[in-house]
Amino acid sequence: MRYRRLGKTGYKVSEIGFGSWAIGGDWGATDDEAAMTTLHAAVDAGVTFFDTADVYGDGHSERLLGRLRRERDDELVVATKVGRRGALDPDVYTYDTLRDWMERSRDNLEVDRLDLVQLHCPPTDTYYRPDVFESLAELVDDGVTAAVGVSVERVEEGLKAIEYDAVSSVQIIFNVFRQRPVELFLGRAHEHDVGVIARVPLASGLLTGKYDAEATFDEDDHRNFNADGSAFDVGETFAGVGLERGVSAAEQLRARVPEGATLAQFALRWILMHPEVSTVIPGARTAEQARDNAGASSLAALSEDDMAAVAWMYTERIAPAVHHRW
């Protein structure tokens with residue numbers, strides 16, 4: 001495992017992290033002991049950065065990570081997200097409300113001070129409210145959290161967020177199907193010394209190569225109930241490209257995967273080819289998946305031909321559907 005600096009947070013974290021949405025809920029049935037086995041496998045593979053949110057299983061994901069910390073002596077960084085528990089209204093993001101949300105996360109994670117708290121995809125207008133970011137800075141000063149950041153839906157939101165000194169990190173959807181951040185955002189984030197956390201790196205599983213266009217998902221899996229964006233932003237599910245288009249494009253990349261590697265590792269390694277990225281947070285529900293994800297860190301750099309093939313696939317097959325949207 002290789003490690004990178006998470007912007008001005010000062011943390012040095014594994015370049016392959018762990019996204020904890022799947023072990024909390026919205027991905028079908030969960031099993032706590034299987035989740036703990038998976039989390040331990042990730043740590044054993046060198047993973048030190050874990051991302052979660054207070055709404056993943058209504059705090060269940062946070063509580064599992066609190067248990068992980070009790071069971072390990074490793075120096076782990078746990079980032080959580082807050083803001084989706086209330087109405088999506090910028091007026092809700094006051095100091096008192098933000099502190100209440102963070103206090104709940106502190107209890108779930110069993111810590112005195114949170115490592116990193118990110119606003120969880122708040123309304124776009126929120127990014128134009130300096131008072132919100134002043135409150136976040138105050139919560140850092142008050143010792144509730146060591147650092148604050150944002151998780152965004154759109155590049156424009158990330159660009160606005162990094163204008164605030166309080167923001168130490170931006171979590172953004174970035175993968176071979178969502179390449180717009182390369183154009184401007186990654187460079188600007190680097191200039192502001194803001195850590196970049198790449199989320200949805202495998203496009204909800206499309207980039208594992210394990211699904212075909214006829215795949216079906218459980219009723220309580222967001223790949224079923226949010227496939228059309230009826231529950232939340234459709235860009236969160238299959239990176240917004242849709243199942244059929246995504247399966248076809250992923251299959252096109254399979255020939256580029258080096259011997260002994262998986263398509264998922266290839267897709268993760270593509271993200272890591274961008275040095276501005278601090279960490280990538282694929283999810284995992286089994287120990288094997290956790291180890292497979294971590295293995296992407298040890299892959300050799302992709303060749304110029306590999307990068308050109310990904311660029312061509314994106315330009316021809318994916319960009320017309322998503323590039324202008326997020």
# chains A, B, ... in the order shown; residues from 1 in each chain; ligands from 1
call {"tool": "select_by_dssp", "arguments": {"residues": "range 46-295 of chain A", "states": "strand (DSSP E)", "output": "ChimeraX atom specification"}}
result
/A:49-51,77-82,116-120,148-151,167-173,195-199,279-280
call {"tool": "residues_around", "arguments": {"residues": "Glu183 in chain A", "least_positions_apart": "6", "cutoff": "12 Å", "atoms": "only C-alpha atoms", "output": "MDAnalysis selection string"}}
result
chainID A and resid 155:156 159 174 189 274 323
call {"tool": "closest_atom_pairs", "arguments": {"of": "range 186-295 of chain A", "to": "range 9-16 of chain A", "cutoff": "10 Å", "atoms": "only C-alpha atoms", "output": "Markdown table"}}
result
| residue | atom | partner | partner_atom | distance |
| --- | --- | --- | --- | --- |
| A:Asp193 | CA | A:Thr9 | CA | 9.1 |
| A:Val194 | CA | A:Thr9 | CA | 8.2 |
| A:Gly195 | CA | A:Thr9 | CA | 7.7 |
| A:Ile197 | CA | A:Glu15 | CA | 9.4 |
| A:Ala198 | CA | A:Ile16 | CA | 9.7 |
| A:Leu268 | CA | A:Ile16 | CA | 8.3 |
| A:Arg269 | CA | A:Ile16 | CA | 9.5 |
| A:Leu272 | CA | A:Glu15 | CA | 7.6 |
| A:Val277 | CA | A:Glu15 | CA | 8.2 |
| A:Ser278 | CA | A:Glu15 | CA | 6.1 |
| A:Thr279 | CA | A:Glu15 | CA | 4.2 |
| A:Val280 | CA | A:Ile16 | CA | 5.0 |
| A:Ile281 | CA | A:Ile16 | CA | 6.2 |
| A:Pro282 | CA | A:Ile16 | CA | 7.7 |
| A:Ala290 | CA | A:Ile16 | CA | 9.8 |
| A:Asn293 | CA | A:Ile16 | CA | 7.2 |
| A:Ala294 | CA | A:Ile16 | CA | 5.8 |
| A:Gly295 | CA | A:Ile16 | CA | 8.6 |
call {"tool": "write_last_selection", "arguments": {"atoms": "C-alpha atoms", "output": "PDB file, in the first residue's frame"}}
result
ATOM      1  CA  ASP A 193      -3.839  22.372  -0.752  1.00  0.00           C
ATOM      2  CA  VAL A 194      -7.222  20.681  -0.509  1.00  0.00           C
ATOM      3  CA  GLY A 195      -7.303  16.901  -0.296  1.00  0.00           C
ATOM      4  CA  ILE A 197     -11.312  12.000  -1.996  1.00  0.00           C
ATOM      5  CA  ALA A 198     -12.508  10.098  -5.075  1.00  0.00           C
ATOM      6  CA  LEU A 268      -8.837   2.219  -9.404  1.00  0.00           C
ATOM      7  CA  ARG A 269      -5.299   2.491 -10.763  1.00  0.00           C
ATOM      8  CA  LEU A 272      -4.447   6.964  -8.884  1.00  0.00           C
ATOM      9  CA  VAL A 277      -6.110  12.594  -5.691  1.00  0.00           C
ATOM     10  CA  SER A 278      -5.383  11.870  -2.030  1.00  0.00           C
ATOM     11  CA  THR A 279      -7.364   8.655  -1.652  1.00  0.00           C
ATOM     12  CA  VAL A 280      -9.946   6.537  -3.452  1.00  0.00           C
ATOM     13  CA  ILE A 281     -12.810   4.992  -1.454  1.00  0.00           C
ATOM     14  CA  PRO A 282     -14.249   1.859  -3.060  1.00  0.00           C
ATOM     15  CA  ALA A 290     -11.344  -5.440   0.369  1.00  0.00           C
ATOM     16  CA  ASN A 293      -9.335  -3.137  -3.901  1.00  0.00           C
ATOM     17  CA  ALA A 294      -6.200  -2.584  -1.826  1.00  0.00           C
ATOM     18  CA  GLY A 295      -4.176  -4.489  -4.410  1.00  0.00           C
TER      19      GLY A 295
END
call {"tool": "atom_distance", "arguments": {"atom1": "CA of Gly83 in chain A", "atom2": "CA of Ala203 in chain A"}}
result
23.2 Å
call {"tool": "select_by_dssp", "arguments": {"residues": "range 20-162 of chain A", "states": "helix (DSSP H, G or I)", "output": "ChimeraX atom specification"}}
result
/A:21-24,32-44,60-71,90-92,95-109,124-128,130-141,155-161
call {"tool": "write_last_selection", "arguments": {"atoms": "C-alpha atoms", "output": "PDB file, in the first residue's frame"}}
result
ATOM      1  CA  TRP A  21     -21.929   2.947   2.561  1.00  0.00           C
ATOM      2  CA  ALA A  22     -22.436  -0.708   1.630  1.00  0.00           C
ATOM      3  CA  ILE A  23     -21.909  -2.021   5.169  1.00  0.00           C
ATOM      4  CA  GLY A  24     -24.414   0.483   6.554  1.00  0.00           C
ATOM      5  CA  ASP A  32     -22.349  -7.171  11.048  1.00  0.00           C
ATOM      6  CA  GLU A  33     -19.855  -9.990  11.491  1.00  0.00           C
ATOM      7  CA  ALA A  34     -19.207 -10.174   7.761  1.00  0.00           C
ATOM      8  CA  ALA A  35     -18.773  -6.393   7.770  1.00  0.00           C
ATOM      9  CA  MET A  36     -16.242  -6.570  10.606  1.00  0.00           C
ATOM     10  CA  THR A  37     -14.307  -9.328   8.843  1.00  0.00           C
ATOM     11  CA  THR A  38     -14.214  -7.111   5.755  1.00  0.00           C
ATOM     12  CA  LEU A  39     -13.035  -4.066   7.711  1.00  0.00           C
ATOM     13  CA  HIS A  40     -10.261  -6.032   9.404  1.00  0.00           C
ATOM     14  CA  ALA A  41      -9.151  -7.413   6.039  1.00  0.00           C
ATOM     15  CA  ALA A  42      -8.894  -3.866   4.735  1.00  0.00           C
ATOM     16  CA  VAL A  43      -6.695  -2.794   7.648  1.00  0.00           C
ATOM     17  CA  ASP A  44      -4.547  -5.904   7.236  1.00  0.00           C
ATOM     18  CA  HIS A  60     -24.897   1.887  11.893  1.00  0.00           C
ATOM     19  CA  SER A  61     -21.871   2.242   9.618  1.00  0.00           C
ATOM     20  CA  GLU A  62     -20.324   4.732  12.055  1.00  0.00           C
ATOM     21  CA  ARG A  63     -20.875   2.355  14.950  1.00  0.00           C
ATOM     22  CA  LEU A  64     -19.164  -0.491  13.079  1.00  0.00           C
ATOM     23  CA  LEU A  65     -16.139   1.761  12.513  1.00  0.00           C
ATOM     24  CA  GLY A  66     -16.165   2.690  16.185  1.00  0.00           C
ATOM     25  CA  ARG A  67     -15.971  -1.019  16.953  1.00  0.00           C
ATOM     26  CA  LEU A  68     -13.121  -1.426  14.457  1.00  0.00           C
ATOM     27  CA  ARG A  69     -11.120   1.212  16.286  1.00  0.00           C
ATOM     28  CA  ARG A  70     -11.691  -0.579  19.580  1.00  0.00           C
ATOM     29  CA  GLU A  71     -10.413  -3.808  18.066  1.00  0.00           C
ATOM     30  CA  PRO A  90     -29.276  26.000   3.481  1.00  0.00           C
ATOM     31  CA  ASP A  91     -30.923  27.654   6.491  1.00  0.00           C
ATOM     32  CA  VAL A  92     -30.616  24.367   8.402  1.00  0.00           C
ATOM     33  CA  TYR A  95     -23.650  26.176  14.149  1.00  0.00           C
ATOM     34  CA  ASP A  96     -26.039  24.550  16.635  1.00  0.00           C
ATOM     35  CA  THR A  97     -27.466  22.065  14.139  1.00  0.00           C
ATOM     36  CA  LEU A  98     -24.076  21.165  12.745  1.00  0.00           C
ATOM     37  CA  ARG A  99     -22.788  20.626  16.277  1.00  0.00           C
ATOM     38  CA  ASP A 100     -25.755  18.397  17.137  1.00  0.00           C
ATOM     39  CA  TRP A 101     -25.083  16.237  14.085  1.00  0.00           C
ATOM     40  CA  MET A 102     -21.391  16.030  14.886  1.00  0.00           C
ATOM     41  CA  GLU A 103     -22.047  15.163  18.530  1.00  0.00           C
ATOM     42  CA  ARG A 104     -24.157  12.222  17.395  1.00  0.00           C
ATOM     43  CA  SER A 105     -21.347  11.048  15.120  1.00  0.00           C
ATOM     44  CA  ARG A 106     -18.853  11.394  17.977  1.00  0.00           C
ATOM     45  CA  ASP A 107     -21.058   9.112  20.056  1.00  0.00           C
ATOM     46  CA  ASN A 108     -21.415   6.585  17.245  1.00  0.00           C
ATOM     47  CA  LEU A 109     -17.676   6.541  16.554  1.00  0.00           C
ATOM     48  CA  THR A 124     -25.891  24.124  -4.078  1.00  0.00           C
ATOM     49  CA  ASP A 125     -26.926  27.411  -2.431  1.00  0.00           C
ATOM     50  CA  THR A 126     -25.112  26.294   0.724  1.00  0.00           C
ATOM     51  CA  TYR A 127     -21.756  26.862  -0.952  1.00  0.00           C
ATOM     52  CA  TYR A 128     -22.643  30.543  -1.320  1.00  0.00           C
ATOM     53  CA  PRO A 130     -20.119  32.106   4.135  1.00  0.00           C
ATOM     54  CA  ASP A 131     -21.846  31.772   7.511  1.00  0.00           C
ATOM     55  CA  VAL A 132     -22.039  27.995   7.054  1.00  0.00           C
ATOM     56  CA  PHE A 133     -18.300  27.736   6.560  1.00  0.00           C
ATOM     57  CA  GLU A 134     -17.642  30.139   9.423  1.00  0.00           C
ATOM     58  CA  SER A 135     -19.632  27.754  11.634  1.00  0.00           C
ATOM     59  CA  LEU A 136     -17.550  24.834  10.413  1.00  0.00           C
ATOM     60  CA  ALA A 137     -14.354  26.715  11.200  1.00  0.00           C
ATOM     61  CA  GLU A 138     -15.689  27.478  14.675  1.00  0.00           C
ATOM     62  CA  LEU A 139     -16.432  23.796  15.274  1.00  0.00           C
ATOM     63  CA  VAL A 140     -12.813  23.012  14.442  1.00  0.00           C
ATOM     64  CA  ASP A 141     -11.674  25.700  16.876  1.00  0.00           C
ATOM     65  CA  VAL A 155     -17.616  20.152 -10.053  1.00  0.00           C
ATOM     66  CA  GLU A 156     -18.910  23.705  -9.668  1.00  0.00           C
ATOM     67  CA  GLU A 157     -19.738  23.035  -6.013  1.00  0.00           C
ATOM     68  CA  GLY A 158     -16.226  21.752  -5.384  1.00  0.00           C
ATOM     69  CA  LEU A 159     -14.676  24.782  -7.024  1.00  0.00           C
ATOM     70  CA  LYS A 160     -16.729  27.104  -4.823  1.00  0.00           C
ATOM     71  CA  ALA A 161     -16.038  25.112  -1.650  1.00  0.00           C
TER      72      ALA A 161
END
call {"tool": "closest_residue", "arguments": {"among": "A:Asp51, A:Glu191, A:Glu110, A:Asp73", "to": "Glu276 in chain A", "atoms": "only C-alpha atoms"}}
result
A:Glu191
call {"tool": "closest_residue", "arguments": {"among": "A:Ala319, A:Leu253, A:Ala45, A:Ala79", "to": "Gln289 in chain A", "atoms": "only C-alpha atoms"}}
result
A:Ala45
call {"tool": "closest_residue", "arguments": {"among": "A:Phe225, A:Phe177, A:Phe232, A:Tyr56", "to": "Arg317 in chain A", "atoms": "only C-alpha atoms"}}
result
A:Phe177
call {"tool": "residues_around", "arguments": {"residues": "Lys81 in chain A", "least_positions_apart": "4", "cutoff": "8 Å", "atoms": "only C-alpha atoms", "output": "VMD selection string"}}
result
chain A and resid 52 to 54 117 to 120 151
call {"tool": "atom_distance", "arguments": {"atom1": "CA of Glu244 in chain A", "atom2": "CA of Phe266 in chain A"}}
result
20.4 Å
call {"tool": "atom_distance", "arguments": {"atom1": "CA of Ala321 in chain A", "atom2": "CA of Thr237 in chain A"}}
result
14.0 Å
call {"tool": "closest_residue", "arguments": {"among": "A:Cys121, A:Ala146, A:Ile318, A:Val257", "to": "Val82 in chain A", "atoms": "only C-alpha atoms"}}
result
A:Cys121
call {"tool": "residues_around", "arguments": {"residues": "Val241 in chain A", "least_positions_apart": "3", "cutoff": "12 Å", "atoms": "only C-alpha atoms", "output": "MDAnalysis selection string"}}
result
chainID A and resid 175:178 203:204 206:207 227:229 234:238 244:250 314 317:323 325:326
call {"tool": "write_last_selection", "arguments": {"atoms": "C-alpha atoms", "output": "PDB file, in the first residue's frame"}}
result
ATOM      1  CA  ASN A 175     -13.819   7.529 -12.130  1.00  0.00           C
ATOM      2  CA  VAL A 176     -13.307   6.453 -15.743  1.00  0.00           C
ATOM      3  CA  PHE A 177     -17.003   7.228 -16.355  1.00  0.00           C
ATOM      4  CA  ARG A 178     -16.893  10.649 -14.650  1.00  0.00           C
ATOM      5  CA  ALA A 203     -19.536   3.253 -10.638  1.00  0.00           C
ATOM      6  CA  SER A 204     -21.675   1.226  -8.214  1.00  0.00           C
ATOM      7  CA  LEU A 206     -20.158  -1.480 -13.096  1.00  0.00           C
ATOM      8  CA  LEU A 207     -16.378  -1.237 -13.234  1.00  0.00           C
ATOM      9  CA  ALA A 227     -31.634   3.811 -10.927  1.00  0.00           C
ATOM     10  CA  ASP A 228     -33.767   6.667 -12.281  1.00  0.00           C
ATOM     11  CA  GLY A 229     -32.792   9.183  -9.587  1.00  0.00           C
ATOM     12  CA  VAL A 234     -28.986   9.780 -10.067  1.00  0.00           C
ATOM     13  CA  GLY A 235     -25.274  10.471 -10.436  1.00  0.00           C
ATOM     14  CA  GLU A 236     -24.737   8.499  -7.222  1.00  0.00           C
ATOM     15  CA  THR A 237     -26.009   5.309  -8.881  1.00  0.00           C
ATOM     16  CA  PHE A 238     -23.921   3.792 -11.700  1.00  0.00           C
ATOM     17  CA  GLU A 244     -26.714  -0.879 -20.064  1.00  0.00           C
ATOM     18  CA  ARG A 245     -24.340   1.845 -21.249  1.00  0.00           C
ATOM     19  CA  GLY A 246     -22.005   1.259 -18.322  1.00  0.00           C
ATOM     20  CA  VAL A 247     -21.821  -2.508 -18.806  1.00  0.00           C
ATOM     21  CA  SER A 248     -20.983  -2.072 -22.484  1.00  0.00           C
ATOM     22  CA  ALA A 249     -18.275   0.531 -21.830  1.00  0.00           C
ATOM     23  CA  ALA A 250     -16.736  -1.491 -18.997  1.00  0.00           C
ATOM     24  CA  TYR A 314     -15.030   8.160 -22.289  1.00  0.00           C
ATOM     25  CA  ARG A 317     -19.291   6.310 -25.168  1.00  0.00           C
ATOM     26  CA  ILE A 318     -19.824   8.163 -21.900  1.00  0.00           C
ATOM     27  CA  ALA A 319     -19.201  11.911 -22.094  1.00  0.00           C
ATOM     28  CA  PRO A 320     -22.290  12.746 -24.199  1.00  0.00           C
ATOM     29  CA  ALA A 321     -24.480  11.390 -21.389  1.00  0.00           C
ATOM     30  CA  VAL A 322     -22.776  12.779 -18.286  1.00  0.00           C
ATOM     31  CA  HIS A 323     -20.012  15.298 -18.912  1.00  0.00           C
ATOM     32  CA  ARG A 325     -24.377  17.262 -16.010  1.00  0.00           C
ATOM     33  CA  TRP A 326     -21.968  17.053 -13.104  1.00  0.00           C
TER      34      TRP A 326
END
call {"tool": "closest_residue", "arguments": {"among": "A:Val78, A:Ala300, A:Leu88, A:Leu263", "to": "Ala147 in chain A", "atoms": "only C-alpha atoms"}}
result
A:Val78
call {"tool": "decode", "arguments": {"residues": "range 222-243 of chain A", "atoms": "C-alpha atoms", "output": "JSON list (two decimals), in the first residue's frame"}}
result
[["chain", "number", "residue", "atom", "x", "y", "z"],
["A", 222, "HIS", "CA", -30.08, 1.82, -4.45],
["A", 223, "ARG", "CA", -29.08, 0.29, -7.79],
["A", 224, "ASN", "CA", -32.73, -0.71, -7.95],
["A", 225, "PHE", "CA", -34.69, 2.05, -6.24],
["A", 226, "ASN", "CA", -32.51, 4.96, -7.42],
["A", 227, "ALA", "CA", -31.63, 3.81, -10.93],
["A", 228, "ASP", "CA", -33.77, 6.67, -12.28],
["A", 229, "GLY", "CA", -32.79, 9.18, -9.59],
["A", 230, "SER", "CA", -36.14, 8.98, -7.81],
["A", 231, "ALA", "CA", -34.60, 8.83, -4.30],
["A", 232, "PHE", "CA", -31.52, 11.07, -4.63],
["A", 233, "ASP", "CA", -29.15, 12.38, -7.29],
["A", 234, "VAL", "CA", -28.99, 9.78, -10.07],
["A", 235, "GLY", "CA", -25.27, 10.47, -10.44],
["A", 236, "GLU", "CA", -24.74, 8.50, -7.22],
["A", 237, "THR", "CA", -26.01, 5.31, -8.88],
["A", 238, "PHE", "CA", -23.92, 3.79, -11.70],
["A", 239, "ALA", "CA", -22.20, 7.23, -11.84],
["A", 240, "GLY", "CA", -25.26, 8.41, -13.77],
["A", 241, "VAL", "CA", -24.39, 6.50, -16.96],
["A", 242, "GLY", "CA", -27.04, 3.81, -16.57],
["A", 243, "LEU", "CA", -26.67, 0.04, -16.37]]
